file start-v4.cif (mmCIF, C-alpha atoms)
data_input
loop_
_atom_site.label_atom_id
_atom_site.label_comp_id
_atom_site.auth_asym_id
_atom_site.auth_seq_id
_atom_site.Cartn_x
_atom_site.Cartn_y
_atom_site.Cartn_z
CA MET A 731 56.16 3.08 -29.66
CA ASP A 732 53.44 0.46 -29.17
CA GLU A 733 53.42 -1.81 -26.13
CA LYS A 734 54.68 -4.91 -27.90
CA THR A 735 57.63 -3.05 -29.41
CA LEU A 736 58.51 -1.66 -25.99
CA ILE A 737 58.45 -5.14 -24.44
CA ALA A 738 60.50 -6.64 -27.30
CA LYS A 739 63.11 -3.87 -27.11
CA ARG A 740 63.50 -4.26 -23.36
CA VAL A 741 63.81 -8.05 -23.56
CA ALA A 742 66.41 -7.73 -26.32
CA LEU A 743 68.72 -5.86 -23.91
CA GLU A 744 68.94 -9.08 -21.89
CA LEU A 745 70.53 -11.04 -24.76
CA MET A 746 74.30 -11.30 -24.58
CA ASP A 747 76.90 -11.81 -27.29
CA GLY A 748 77.12 -15.50 -28.23
CA ASP A 749 73.89 -16.52 -26.49
CA LEU A 750 71.80 -19.40 -27.81
CA VAL A 751 68.21 -18.14 -27.63
CA ASN A 752 64.81 -19.68 -28.29
CA LEU A 753 61.92 -17.28 -28.92
CA GLY A 754 58.35 -18.45 -28.43
CA ILE A 755 55.61 -17.83 -30.98
CA GLY A 756 53.88 -14.43 -30.98
CA LEU A 757 55.26 -11.41 -29.14
CA PRO A 758 58.62 -13.07 -28.32
CA THR A 759 59.50 -13.41 -32.02
CA LEU A 760 59.65 -9.58 -32.22
CA VAL A 761 62.68 -9.63 -29.90
CA ALA A 762 64.95 -10.78 -32.75
CA ARG A 763 64.55 -7.39 -34.45
CA TYR A 764 66.05 -5.44 -31.56
CA VAL A 765 69.21 -7.32 -30.60
CA PRO A 766 71.67 -4.54 -29.61
CA ALA A 767 74.34 -3.74 -32.19
CA GLY A 768 77.59 -5.61 -31.67
CA ARG A 769 75.99 -8.65 -30.07
CA HIS A 770 75.74 -11.80 -32.15
CA VAL A 771 72.96 -14.05 -30.95
CA PHE A 772 72.13 -17.55 -32.26
CA PHE A 773 68.43 -18.23 -32.51
CA GLN A 774 67.14 -21.78 -32.16
CA SER A 775 63.87 -23.10 -33.46
CA GLU A 776 62.83 -26.27 -31.66
CA ASN A 777 61.84 -28.00 -34.89
CA GLY A 778 65.54 -28.45 -35.49
CA ILE A 779 67.82 -25.51 -36.27
CA VAL A 780 70.34 -23.20 -34.65
CA GLY A 781 71.14 -20.11 -36.67
CA MET A 782 67.75 -19.27 -38.13
CA SER A 783 66.78 -15.94 -39.64
CA GLY A 784 63.48 -14.27 -38.90
CA PRO A 785 60.47 -15.04 -41.13
CA ILE A 786 61.13 -14.43 -44.83
CA THR A 787 59.05 -13.83 -47.92
CA GLY A 788 60.42 -14.87 -51.28
CA ALA A 789 62.93 -17.69 -51.76
CA GLU A 790 60.94 -19.92 -49.41
CA ASN A 791 62.19 -23.48 -48.96
CA HIS A 792 59.41 -25.92 -48.03
CA ASP A 793 61.89 -27.86 -45.88
CA LEU A 794 62.83 -24.86 -43.75
CA THR A 795 60.38 -23.21 -41.37
CA ASP A 796 60.20 -21.95 -37.80
CA ALA A 797 58.17 -23.70 -35.10
CA GLY A 798 55.05 -21.87 -36.23
CA GLY A 799 55.47 -23.18 -39.77
CA SER A 800 56.56 -19.83 -41.26
CA PRO A 801 59.35 -19.92 -43.87
CA ILE A 802 62.77 -18.87 -42.57
CA SER A 803 66.29 -19.08 -43.88
CA ALA A 804 69.39 -20.63 -42.40
CA LEU A 805 72.06 -17.99 -41.79
CA PRO A 806 75.70 -18.77 -42.61
CA GLY A 807 76.97 -21.01 -39.82
CA ALA A 808 73.58 -22.56 -39.10
CA ALA A 809 73.11 -26.21 -38.08
CA SER A 810 70.09 -28.50 -38.39
CA PHE A 811 69.22 -31.61 -36.39
CA ASP A 812 66.38 -33.88 -35.27
CA SER A 813 63.81 -33.24 -32.54
CA ALA A 814 65.52 -35.33 -29.84
CA PHE A 815 68.75 -33.39 -30.31
CA SER A 816 66.86 -30.10 -30.40
CA PHE A 817 65.26 -30.81 -27.04
CA GLY A 818 68.56 -32.14 -25.76
CA LEU A 819 69.89 -28.63 -26.29
CA ILE A 820 66.91 -27.22 -24.42
CA ARG A 821 66.67 -29.69 -21.55
CA GLY A 822 70.38 -30.31 -21.24
CA GLY A 823 71.25 -26.79 -20.13
CA HIS A 824 72.75 -25.65 -23.45
CA LEU A 825 70.11 -23.03 -24.17
CA ASP A 826 71.11 -19.69 -22.63
CA VAL A 827 67.76 -17.92 -22.83
CA THR A 828 64.17 -18.66 -23.72
CA VAL A 829 61.65 -15.88 -24.16
CA LEU A 830 58.04 -16.98 -23.81
CA GLY A 831 54.62 -15.40 -23.63
CA GLY A 832 52.58 -15.73 -20.45
CA LEU A 833 48.97 -16.04 -19.34
CA GLN A 834 49.70 -15.79 -15.59
CA ILE A 835 52.68 -15.44 -13.26
CA ASP A 836 52.32 -16.15 -9.55
CA ARG A 837 54.07 -14.56 -6.59
CA GLU A 838 56.64 -17.34 -6.57
CA GLY A 839 57.48 -16.55 -10.18
CA ARG A 840 55.84 -19.62 -11.65
CA LEU A 841 54.43 -19.41 -15.15
CA ALA A 842 51.14 -20.61 -16.64
CA ASN A 843 51.05 -20.24 -20.40
CA TRP A 844 49.76 -23.35 -22.08
CA MET A 845 46.04 -23.77 -21.54
CA VAL A 846 42.78 -22.28 -20.36
CA PRO A 847 40.66 -25.25 -19.21
CA GLY A 848 37.43 -25.54 -21.15
CA LYS A 849 38.38 -22.73 -23.50
CA MET A 850 41.75 -23.13 -25.14
CA VAL A 851 43.61 -26.43 -25.10
CA PRO A 852 46.31 -26.07 -27.73
CA GLY A 853 48.80 -28.41 -26.07
CA MET A 854 52.08 -27.44 -24.47
CA GLY A 855 54.27 -27.97 -27.52
CA GLY A 856 57.80 -27.25 -26.35
CA ALA A 857 56.90 -24.78 -23.59
CA MET A 858 57.27 -27.17 -20.63
CA ASP A 859 60.69 -28.35 -21.79
CA LEU A 860 61.81 -24.76 -22.44
CA VAL A 861 60.79 -23.47 -19.01
CA THR A 862 62.22 -26.51 -17.27
CA GLY A 863 65.51 -26.61 -19.14
CA ALA A 864 66.63 -23.17 -20.30
CA ARG A 865 69.35 -21.49 -18.24
CA ARG A 866 67.34 -18.28 -18.19
CA VAL A 867 63.60 -17.92 -18.69
CA ILE A 868 62.24 -14.49 -19.63
CA VAL A 869 58.50 -13.96 -19.85
CA ALA A 870 57.36 -11.25 -22.26
CA MET A 871 53.71 -10.33 -21.87
CA GLN A 872 51.12 -7.61 -21.41
CA HIS A 873 50.90 -6.65 -17.73
CA SER A 874 47.15 -7.23 -17.64
CA ALA A 875 44.51 -8.65 -19.98
CA LYS A 876 41.16 -6.90 -20.43
CA GLY A 877 41.67 -5.09 -17.12
CA GLU A 878 42.50 -8.28 -15.21
CA ALA A 879 45.88 -8.71 -13.57
CA LYS A 880 48.05 -11.47 -15.03
CA ILE A 881 50.55 -11.28 -12.19
CA VAL A 882 48.69 -12.90 -9.32
CA GLU A 883 49.07 -14.48 -5.89
CA ARG A 884 48.46 -17.99 -7.24
CA CYS A 885 47.97 -19.09 -10.83
CA ALA A 886 44.41 -20.24 -11.46
CA LEU A 887 45.56 -21.73 -14.76
CA PRO A 888 47.60 -24.96 -15.02
CA LEU A 889 51.32 -24.34 -14.54
CA THR A 890 53.82 -24.81 -17.32
CA SER A 891 56.56 -25.70 -14.83
CA VAL A 892 57.24 -25.29 -11.12
CA ARG A 893 60.56 -23.65 -12.00
CA ARG A 894 60.76 -19.98 -11.04
CA VAL A 895 61.21 -17.80 -14.11
CA ASP A 896 64.09 -15.32 -14.10
CA LEU A 897 62.56 -12.11 -15.42
CA VAL A 898 59.15 -10.78 -16.40
CA VAL A 899 58.99 -7.92 -18.89
CA THR A 900 55.64 -6.21 -19.48
CA ASP A 901 54.37 -2.99 -21.02
CA LEU A 902 54.43 -1.47 -17.53
CA ALA A 903 57.41 -2.95 -15.73
CA VAL A 904 60.37 -5.26 -15.36
CA ILE A 905 59.91 -7.66 -12.45
CA GLU A 906 62.38 -10.16 -11.06
CA PRO A 907 61.05 -13.14 -9.09
CA THR A 908 63.25 -13.86 -6.03
CA ASP A 909 63.16 -15.93 -2.83
CA ALA A 910 61.56 -12.94 -1.09
CA GLY A 911 58.91 -12.42 -3.76
CA LEU A 912 58.43 -10.36 -6.90
CA VAL A 913 60.81 -7.41 -7.09
CA LEU A 914 59.82 -4.38 -9.17
CA LYS A 915 63.06 -3.28 -10.81
CA GLU A 916 61.98 -0.98 -13.62
CA THR A 917 58.95 0.95 -14.73
CA ALA A 918 58.11 1.69 -18.36
CA PRO A 919 58.65 5.25 -19.59
CA GLY A 920 55.90 7.47 -18.18
CA VAL A 921 54.52 4.76 -15.88
CA THR A 922 54.42 5.30 -12.09
CA VAL A 923 55.01 2.72 -9.37
CA GLU A 924 51.41 3.27 -8.28
CA GLN A 925 50.15 2.35 -11.74
CA VAL A 926 52.18 -0.86 -11.72
CA ILE A 927 50.88 -1.81 -8.26
CA ALA A 928 47.29 -1.03 -9.27
CA ASN A 929 47.60 -3.43 -12.21
CA THR A 930 49.27 -6.23 -10.26
CA GLY A 931 47.32 -8.89 -8.36
CA CYS A 932 49.86 -9.55 -5.61
CA GLU A 933 52.45 -7.79 -3.50
CA LEU A 934 55.49 -6.27 -5.18
CA ILE A 935 58.77 -5.47 -3.47
CA ILE A 936 60.12 -2.14 -4.70
CA ALA A 937 63.80 -2.49 -5.59
CA PRO A 938 66.08 0.05 -3.87
CA GLY A 939 67.59 0.91 -7.25
CA LEU A 940 64.23 1.18 -9.05
CA ARG A 941 64.70 2.87 -12.41
CA SER A 942 62.93 3.65 -15.64
CA MET A 943 63.40 1.12 -18.49
CA PRO A 944 66.52 2.15 -20.43
CA ILE A 945 64.59 2.43 -23.68
CA GLU A 946 64.77 5.50 -25.90
CA GLY A 947 61.51 6.78 -27.45
CA MET B 384 67.08 -58.72 -51.69
CA LYS B 385 63.46 -57.74 -52.03
CA ASN B 386 62.55 -54.65 -53.96
CA LYS B 387 61.57 -52.01 -51.42
CA LEU B 388 60.31 -49.49 -53.94
CA ILE B 389 56.58 -50.08 -54.22
CA SER B 390 53.56 -48.11 -55.36
CA LEU B 391 51.76 -45.71 -53.08
CA GLU B 392 48.62 -47.84 -53.27
CA ASP B 393 50.47 -51.04 -52.31
CA ALA B 394 52.24 -49.35 -49.43
CA VAL B 395 49.07 -48.04 -47.83
CA ALA B 396 47.16 -51.26 -48.55
CA ARG B 397 49.49 -52.96 -46.05
CA ILE B 398 48.17 -50.77 -43.24
CA PRO B 399 45.08 -52.28 -41.55
CA ASP B 400 42.23 -50.33 -39.98
CA GLY B 401 42.95 -49.70 -36.30
CA ALA B 402 46.72 -49.57 -36.84
CA SER B 403 49.00 -47.34 -34.78
CA LEU B 404 51.04 -44.96 -36.92
CA LEU B 405 54.04 -42.81 -36.10
CA ILE B 406 53.87 -39.97 -38.62
CA GLY B 407 56.86 -37.67 -39.15
CA GLY B 408 56.67 -33.93 -39.70
CA PHE B 409 56.29 -30.66 -37.85
CA MET B 410 53.27 -28.68 -38.98
CA ALA B 411 53.36 -31.01 -42.03
CA VAL B 412 56.90 -29.85 -42.90
CA GLY B 413 58.79 -33.08 -43.41
CA GLY B 414 55.54 -35.03 -43.30
CA PRO B 415 54.74 -38.01 -45.55
CA ASN B 416 51.89 -36.06 -47.06
CA ARG B 417 51.29 -38.32 -50.06
CA LEU B 418 50.98 -41.39 -47.81
CA VAL B 419 48.53 -39.45 -45.65
CA ASP B 420 46.40 -38.54 -48.66
CA GLU B 421 46.38 -42.19 -49.71
CA LEU B 422 45.26 -43.29 -46.22
CA ILE B 423 42.29 -41.01 -46.73
CA ARG B 424 41.63 -42.29 -50.26
CA GLN B 425 41.64 -45.89 -49.00
CA GLY B 426 39.46 -44.92 -46.04
CA LYS B 427 41.68 -46.42 -43.34
CA HIS B 428 39.95 -45.74 -40.04
CA ASP B 429 40.17 -46.07 -36.25
CA LEU B 430 43.82 -45.09 -36.48
CA THR B 431 46.07 -44.21 -33.59
CA ILE B 432 48.36 -41.37 -34.63
CA ILE B 433 51.57 -40.43 -32.85
CA ALA B 434 52.91 -37.17 -34.23
CA ASN B 435 54.33 -33.86 -33.09
CA ASP B 436 51.15 -31.96 -33.93
CA THR B 437 47.91 -32.34 -35.87
CA ALA B 438 48.93 -29.66 -38.41
CA ARG B 439 46.07 -27.64 -39.87
CA PRO B 440 42.68 -28.91 -41.04
CA ASN B 441 43.66 -28.58 -44.69
CA ASN B 442 47.20 -29.91 -44.68
CA GLY B 443 49.25 -32.96 -43.77
CA LEU B 444 47.83 -35.34 -41.21
CA GLY B 445 45.36 -32.66 -40.14
CA LYS B 446 43.18 -33.98 -42.93
CA LEU B 447 43.01 -37.43 -41.28
CA VAL B 448 41.38 -35.78 -38.28
CA VAL B 449 38.93 -33.84 -40.42
CA GLU B 450 37.94 -37.07 -42.20
CA LYS B 451 37.29 -38.66 -38.77
CA LEU B 452 39.72 -41.51 -39.41
CA VAL B 453 41.57 -41.07 -36.11
CA ARG B 454 40.47 -42.65 -32.85
CA ARG B 455 43.38 -41.61 -30.67
CA VAL B 456 46.24 -39.16 -31.03
CA VAL B 457 49.42 -38.77 -28.99
CA THR B 458 50.88 -35.33 -29.70
CA SER B 459 52.37 -32.16 -28.27
CA HIS B 460 50.26 -29.54 -30.03
CA ILE B 461 46.77 -29.35 -31.52
CA GLY B 462 46.41 -25.57 -31.35
CA LEU B 463 46.41 -24.91 -35.09
CA ASN B 464 43.86 -27.60 -35.89
CA PRO B 465 40.51 -26.53 -34.38
CA GLU B 466 38.97 -29.78 -35.65
CA THR B 467 41.13 -31.84 -33.26
CA GLN B 468 40.06 -29.65 -30.34
CA LYS B 469 36.42 -29.87 -31.41
CA GLN B 470 36.45 -33.68 -31.67
CA MET B 471 38.34 -33.92 -28.37
CA ILE B 472 35.75 -31.81 -26.53
CA ALA B 473 32.93 -33.82 -28.17
CA GLY B 474 34.60 -37.06 -27.00
CA ASP B 475 35.02 -38.36 -30.56
CA ILE B 476 38.80 -38.52 -30.41
CA GLU B 477 41.10 -39.36 -27.54
CA VAL B 478 44.01 -36.92 -27.19
CA GLU B 479 47.10 -37.50 -25.07
CA LEU B 480 49.10 -34.27 -24.84
CA VAL B 481 52.81 -34.81 -24.29
CA PRO B 482 55.55 -32.17 -23.93
CA GLN B 483 57.41 -32.05 -27.22
CA GLY B 484 60.81 -33.00 -25.85
CA THR B 485 59.26 -35.84 -23.89
CA LEU B 486 57.46 -37.09 -26.99
CA ALA B 487 60.75 -37.15 -28.91
CA GLU B 488 62.52 -39.06 -26.13
CA ARG B 489 59.66 -41.53 -25.65
CA ILE B 490 59.77 -42.40 -29.34
CA ARG B 491 63.55 -42.59 -29.24
CA ALA B 492 63.34 -44.90 -26.20
CA GLY B 493 60.86 -47.11 -28.02
CA GLY B 494 63.16 -47.38 -31.00
CA VAL B 495 66.38 -48.05 -29.13
CA GLY B 496 65.15 -50.58 -26.59
CA LEU B 497 65.07 -48.47 -23.44
CA GLY B 498 62.50 -49.15 -20.74
CA GLY B 499 61.59 -45.48 -20.36
CA VAL B 500 62.96 -41.99 -19.93
CA LEU B 501 63.50 -39.90 -16.80
CA THR B 502 62.76 -36.23 -17.46
CA PRO B 503 62.31 -33.20 -15.21
CA THR B 504 59.80 -31.77 -17.69
CA GLY B 505 56.25 -31.82 -16.35
CA VAL B 506 57.07 -32.32 -12.65
CA GLY B 507 54.50 -30.41 -10.57
CA THR B 508 52.14 -29.92 -13.54
CA THR B 509 49.13 -31.84 -14.83
CA VAL B 510 51.56 -33.90 -16.94
CA GLU B 511 52.77 -35.79 -13.85
CA GLU B 512 49.33 -37.26 -13.08
CA GLY B 513 49.45 -41.04 -12.85
CA LYS B 514 53.19 -41.23 -13.46
CA ARG B 515 55.93 -42.66 -11.31
CA LYS B 516 58.41 -40.14 -9.88
CA VAL B 517 62.05 -40.95 -9.32
CA GLU B 518 64.49 -38.89 -7.29
CA ILE B 519 68.13 -38.93 -8.33
CA ASP B 520 70.75 -36.79 -6.56
CA GLY B 521 68.00 -34.59 -5.14
CA VAL B 522 66.27 -33.92 -8.45
CA THR B 523 62.78 -35.24 -9.17
CA TYR B 524 62.10 -36.80 -12.55
CA LEU B 525 59.04 -38.31 -14.19
CA LEU B 526 59.27 -41.80 -15.61
CA GLU B 527 57.93 -41.53 -19.15
CA MET B 528 57.22 -44.72 -21.06
CA PRO B 529 58.57 -45.70 -24.47
CA ILE B 530 56.43 -45.40 -27.58
CA LYS B 531 56.38 -47.87 -30.46
CA ALA B 532 53.85 -48.34 -33.24
CA ASP B 533 52.77 -50.79 -35.91
CA PHE B 534 54.01 -48.48 -38.66
CA ALA B 535 56.23 -45.45 -39.03
CA LEU B 536 55.46 -43.21 -41.99
CA VAL B 537 58.42 -40.94 -42.59
CA ALA B 538 59.34 -38.34 -45.21
CA ALA B 539 62.86 -38.18 -46.61
CA LYS B 540 64.70 -35.88 -48.97
CA GLN B 541 66.58 -38.76 -50.58
CA ALA B 542 66.31 -42.54 -50.50
CA ASP B 543 68.53 -45.01 -52.27
CA LEU B 544 67.07 -48.31 -53.41
CA TYR B 545 68.29 -50.09 -50.28
CA GLY B 546 66.35 -47.52 -48.22
CA ASN B 547 69.15 -45.35 -46.86
CA LEU B 548 67.61 -41.97 -46.09
CA THR B 549 68.62 -38.33 -45.79
CA TYR B 550 66.46 -35.47 -44.59
CA ALA B 551 66.61 -31.76 -45.35
CA LEU B 552 66.90 -28.92 -42.81
CA THR B 553 63.91 -28.66 -40.46
CA ALA B 554 62.08 -31.38 -42.41
CA ARG B 555 64.16 -33.89 -40.42
CA ASN B 556 62.42 -33.29 -37.04
CA PHE B 557 60.81 -36.55 -35.77
CA ASN B 558 61.49 -38.66 -38.88
CA PRO B 559 64.75 -40.42 -37.91
CA LEU B 560 63.41 -41.16 -34.40
CA MET B 561 60.22 -42.65 -35.79
CA ALA B 562 62.09 -44.74 -38.35
CA MET B 563 63.51 -46.69 -35.38
CA ALA B 564 60.23 -47.11 -33.51
CA GLY B 565 57.88 -48.46 -36.15
CA ALA B 566 57.55 -52.24 -36.60
CA THR B 567 57.15 -51.56 -40.34
CA VAL B 568 58.72 -48.43 -41.79
CA ILE B 569 57.45 -46.79 -44.98
CA ALA B 570 59.55 -43.92 -46.29
CA GLU B 571 58.22 -41.36 -48.74
CA ALA B 572 61.18 -39.84 -50.57
CA GLU B 573 61.50 -36.81 -52.85
CA ASP B 574 64.48 -38.22 -54.72
CA ILE B 575 65.03 -41.94 -55.27
CA LEU B 576 68.61 -42.80 -56.16
CA PRO B 577 70.71 -45.81 -57.14
CA VAL B 578 72.57 -47.57 -54.32
CA GLY B 579 75.91 -45.87 -53.65
CA CYS B 580 74.76 -42.34 -54.42
CA ILE B 581 74.42 -41.34 -50.78
CA PRO B 582 77.82 -41.26 -49.04
CA PRO B 583 77.87 -43.26 -45.76
CA ASP B 584 78.48 -40.14 -43.67
CA ALA B 585 75.43 -38.47 -45.18
CA VAL B 586 73.00 -41.30 -44.37
CA MET B 587 70.74 -40.24 -41.49
CA THR B 588 68.57 -43.37 -41.36
CA PRO B 589 70.36 -46.59 -42.38
CA SER B 590 68.56 -48.77 -44.91
CA VAL B 591 68.17 -51.72 -42.54
CA LEU B 592 65.42 -49.81 -40.75
CA VAL B 593 63.34 -49.13 -43.85
CA ASP B 594 60.89 -51.71 -45.21
CA TYR B 595 59.27 -49.87 -48.11
CA ILE B 596 59.99 -46.79 -50.20
CA VAL B 597 57.44 -44.78 -52.10
CA ALA B 598 57.98 -41.74 -54.30
CA ALA B 599 56.86 -38.39 -52.92
CA THR B 600 55.71 -37.33 -56.37
CA PRO B 601 53.88 -39.54 -58.89
CA ARG B 602 56.35 -41.26 -61.24
#

call {"tool": "encode", "arguments": {"input": "start-v4.cif", "output": "structure tokens"}}
result
Amino acid sequence: MDEKTLIAKRVALELMDGDLVNLGIGLPTLVARYVPAGRHVFFQSENGIVGMSGPITGAENHDLTDAGGSPISALPGAASFDSAFSFGLIRGGHLDVTVLGGLQIDREGRLANWMVPGKMVPGMGGAMDLVTGARRVIVAMQHSAKGEAKIVERCALPLTSVRRVDLVVTDLAVIEPTDAGLVLKETAPGVTVEQVIANTGCELIIAPGLRSMPIEG
Amino acid sequence: MKNKLISLEDAVARIPDGASLLIGGFMAVGGPNRLVDELIRQGKHDLTIIANDTARPNNGLGKLVVEKLVRRVVTSHIGLNPETQKQMIAGDIEVELVPQGTLAERIRAGGVGLGGVLTPTGVGTTVEEGKRKVEIDGVTYLLEMPIKADFALVAAKQADLYGNLTYALTARNFNPLMAMAGATVIAEAEDILPVGCIPPDAVMTPSVLVDYIVAATPR
């Protein structure tokens, strides 16, 4: 299993029956493929739909895309609406979970994921509203980038929100930000605690019940 | 009553250089793409564009940026249009980046006569710079100002000849909000229908907001 699949499968275990979920562009979109059997999850796209399918090919409708502009379909029971309503769902506490990519996470669990000054200034899109307003924020990302830790003492990159995220899922570990700091709760299959620590740029608290990610090969 | 259905050329001729334009659409889905092409053909320049994103260089309002017709843009995302980023870094275009939900509410506020919006989005980030903060029941909010513009260019699925509009699926996005916030509203519609064909409950933008209608495909 490649790293992205592992991350997506682990995040998917966090989605509960009936949840309204918004998946960010990129790695997070993979999560939709691995929703555990028996759980019905409603996916929102912030451009104005609840009840979207994943990306489709064939039978495209030019009036129906996800937030990245890829054609989707509306599943039976779907609803569409304007942008103010869509962000009302997000900001108003109606969105159960958002899954977003990350560039950096600091020791207080704060996320930076929208720009690299001087290099990449795409704009925040809906990310700031999602992190501020979702009931639960899950960050899905590679643990490090080109050998550099992405989980750090303080974010060097501009923050997306001062809100503490709820869970960080990487190719090496599952980490829960808490009042006391970042708690290492799970390690990926075949990964040791020492490896996680070596790839992390700040202190980790080892959870008493530390376990291996409940993911089968 | 005046006839609101006019030609594409006439509609765009009413827009002066330097005008501020609210332009509907999300990655050009639900965008008034024929009006945009006509702005380019007529060479309207020094425009201020308020839109969710600047699309891609080869579609929707992204082409306005490529043609260097835009002086200032207020938007949430420019990541898929490298030309916007390039002109921003070169100082040729002024870009105000606004969180998407905040952009929607600022436009809504402009259209419905509110003096601003209090949102928790952006507190403690670079977005709060220069903005007033208000604390209510222990929660800090940013005061975000309303947005209005000289024109709103919106895309509709259907228009009747009075100008009642419907939108389809995710092509709705910013269109109904913008139709309230433009001093002059031009709607580009795929289907143009006799009055009475759109049931009242199906109307998403009432005709009283719409000044001109153009056809989305040449007639």

call {"tool": "resolve_selection", "arguments": {"input": "start-v4.cif", "expression": "the PyMOL selection byres ((chain B) within 10 of (chain A))", "output": "number ranges by chain"}}
result
B: 408-414, 435-436, 438, 458-465, 467-468, 471-472, 478-491, 502-510, 540, 550-560, 587

call {"tool": "resolve_selection", "arguments": {"input": "start-v4.cif", "expression": "the PyMOL selection byres ((chain A and resi 743) around 10)", "output": "number ranges by chain"}}
result
A: 738-742, 744-746, 761, 764-766, 769, 944-945

call {"tool": "closest_residue", "arguments": {"input": "start-v4.cif", "among": "A:Asn752, A:Thr735, A:Gln925, A:Thr900", "to": "Leu825 of chain A", "atoms": "all atoms listed in the file"}}
result
A:Asn752

call {"tool": "residues_around", "arguments": {"input": "start-v4.cif", "residues": "Lys385 of chain B", "least_positions_apart": "6", "cutoff": "12 Å", "atoms": "all atoms listed in the file", "output": "PyMOL selection string"}}
result
chain B and resi 544-546+593-596

call {"tool": "residues_around", "arguments": {"input": "start-v4.cif", "residues": "Glu878 of chain A", "least_positions_apart": "6", "cutoff": "10 Å", "atoms": "only C-alpha atoms", "output": "list in words"}}
result
Asn929, Thr930 and Gly931 of chain A

call {"tool": "residues_around", "arguments": {"input": "start-v4.cif", "residues": "segment 911-916 of chain A", "least_positions_apart": "5", "cutoff": "9 Å", "atoms": "all atoms listed in the file", "output": "PDB file with C-alpha atoms, in the coordinates of the input"}}
result
ATOM      1  CA  ASP A 836      52.320 -16.150  -9.550  1.00  0.00           C
ATOM      2  CA  ARG A 837      54.070 -14.560  -6.590  1.00  0.00           C
ATOM      3  CA  GLU A 838      56.640 -17.340  -6.570  1.00  0.00           C
ATOM      4  CA  GLY A 839      57.480 -16.550 -10.180  1.00  0.00           C
ATOM      5  CA  LEU A 902      54.430  -1.470 -17.530  1.00  0.00           C
ATOM      6  CA  ALA A 903      57.410  -2.950 -15.730  1.00  0.00           C
ATOM      7  CA  VAL A 904      60.370  -5.260 -15.360  1.00  0.00           C
ATOM      8  CA  ILE A 905      59.910  -7.660 -12.450  1.00  0.00           C
ATOM      9  CA  GLU A 906      62.380 -10.160 -11.060  1.00  0.00           C
ATOM     10  CA  VAL A 923      55.010   2.720  -9.370  1.00  0.00           C
ATOM     11  CA  VAL A 926      52.180  -0.860 -11.720  1.00  0.00           C
ATOM     12  CA  CYS A 932      49.860  -9.550  -5.610  1.00  0.00           C
ATOM     13  CA  GLU A 933      52.450  -7.790  -3.500  1.00  0.00           C
ATOM     14  CA  LEU A 934      55.490  -6.270  -5.180  1.00  0.00           C
ATOM     15  CA  ILE A 935      58.770  -5.470  -3.470  1.00  0.00           C
ATOM     16  CA  ILE A 936      60.120  -2.140  -4.700  1.00  0.00           C
ATOM     17  CA  ALA A 937      63.800  -2.490  -5.590  1.00  0.00           C
ATOM     18  CA  PRO A 938      66.080   0.050  -3.870  1.00  0.00           C
ATOM     19  CA  GLY A 939      67.590   0.910  -7.250  1.00  0.00           C
ATOM     20  CA  LEU A 940      64.230   1.180  -9.050  1.00  0.00           C
ATOM     21  CA  ARG A 941      64.700   2.870 -12.410  1.00  0.00           C
ATOM     22  CA  SER A 942      62.930   3.650 -15.640  1.00  0.00           C
ATOM     23  CA  MET A 943      63.400   1.120 -18.490  1.00  0.00           C
ATOM     24  CA  PRO A 944      66.520   2.150 -20.430  1.00  0.00           C
TER      25      PRO A 944
END

call {"tool": "resolve_selection", "arguments": {"input": "start-v4.cif", "expression": "the PyMOL selection byres ((chain A and resi 759) around 10)", "output": "VMD selection string"}}
result
chain A and resid 738 752 to 758 760 to 763 784 to 785 829 to 831

call {"tool": "atom_distance", "arguments": {"input": "start-v4.cif", "atom1": "atom CA of Arg840 of chain A", "atom2": "atom CA of Asp732 of chain A"}}
result
26.8 Å

call {"tool": "residues_around", "arguments": {"input": "start-v4.cif", "residues": "segment 523-527 of chain B", "least_positions_apart": "5", "cutoff": "6 Å", "atoms": "only C-alpha atoms", "output": "PyMOL selection string"}}
result
chain B and resi 499-503+515-518

call {"tool": "atom_distance", "arguments": {"input": "start-v4.cif", "atom1": "atom CA of Leu805 of chain A", "atom2": "atom CA of Met782 of chain A"}}
result
5.8 Å

call {"tool": "closest_residue", "arguments": {"input": "start-v4.cif", "among": "B:Leu447, B:Val591, B:Ile406, B:Leu536", "to": "Leu391 of chain B", "atoms": "all atoms listed in the file"}}
result
B:Leu536

call {"tool": "closest_residue", "arguments": {"input": "start-v4.cif", "among": "B:Pro589, B:Gly513, B:Gly496, B:Pro399", "to": "Ala570 of chain B", "atoms": "all atoms listed in the file"}}
result
B:Pro589

call {"tool": "closest_residue", "arguments": {"input": "start-v4.cif", "among": "B:Leu592, B:Val456, B:Val568, B:Ile581", "to": "Gln470 of chain B", "atoms": "only C-alpha atoms"}}
result
B:Val456

call {"tool": "atom_distance", "arguments": {"input": "start-v4.cif", "atom1": "atom CA of Cys580 of chain B", "atom2": "atom CA of Lys387 of chain B"}}
result
16.6 Å

call {"tool": "residues_around", "arguments": {"input": "start-v4.cif", "residues": "Val751 of chain A", "least_positions_apart": "5", "cutoff": "7 Å", "atoms": "all atoms listed in the file", "output": "VMD selection string"}}
result
chain A and resid 772 to 774 825 to 828

call {"tool": "closest_residue", "arguments": {"input": "start-v4.cif", "among": "B:Met561, B:Ala402, B:Ile569, B:Ile476", "to": "Val597 of chain B", "atoms": "only C-alpha atoms"}}
result
B:Ile569

call {"tool": "residues_near_point", "arguments": {"input": "start-v4.cif", "point": "(72.3, -41.6, -48.1)", "cutoff": "6 Å", "atoms": "only C-alpha atoms", "output": "count of residues only"}}
result
7
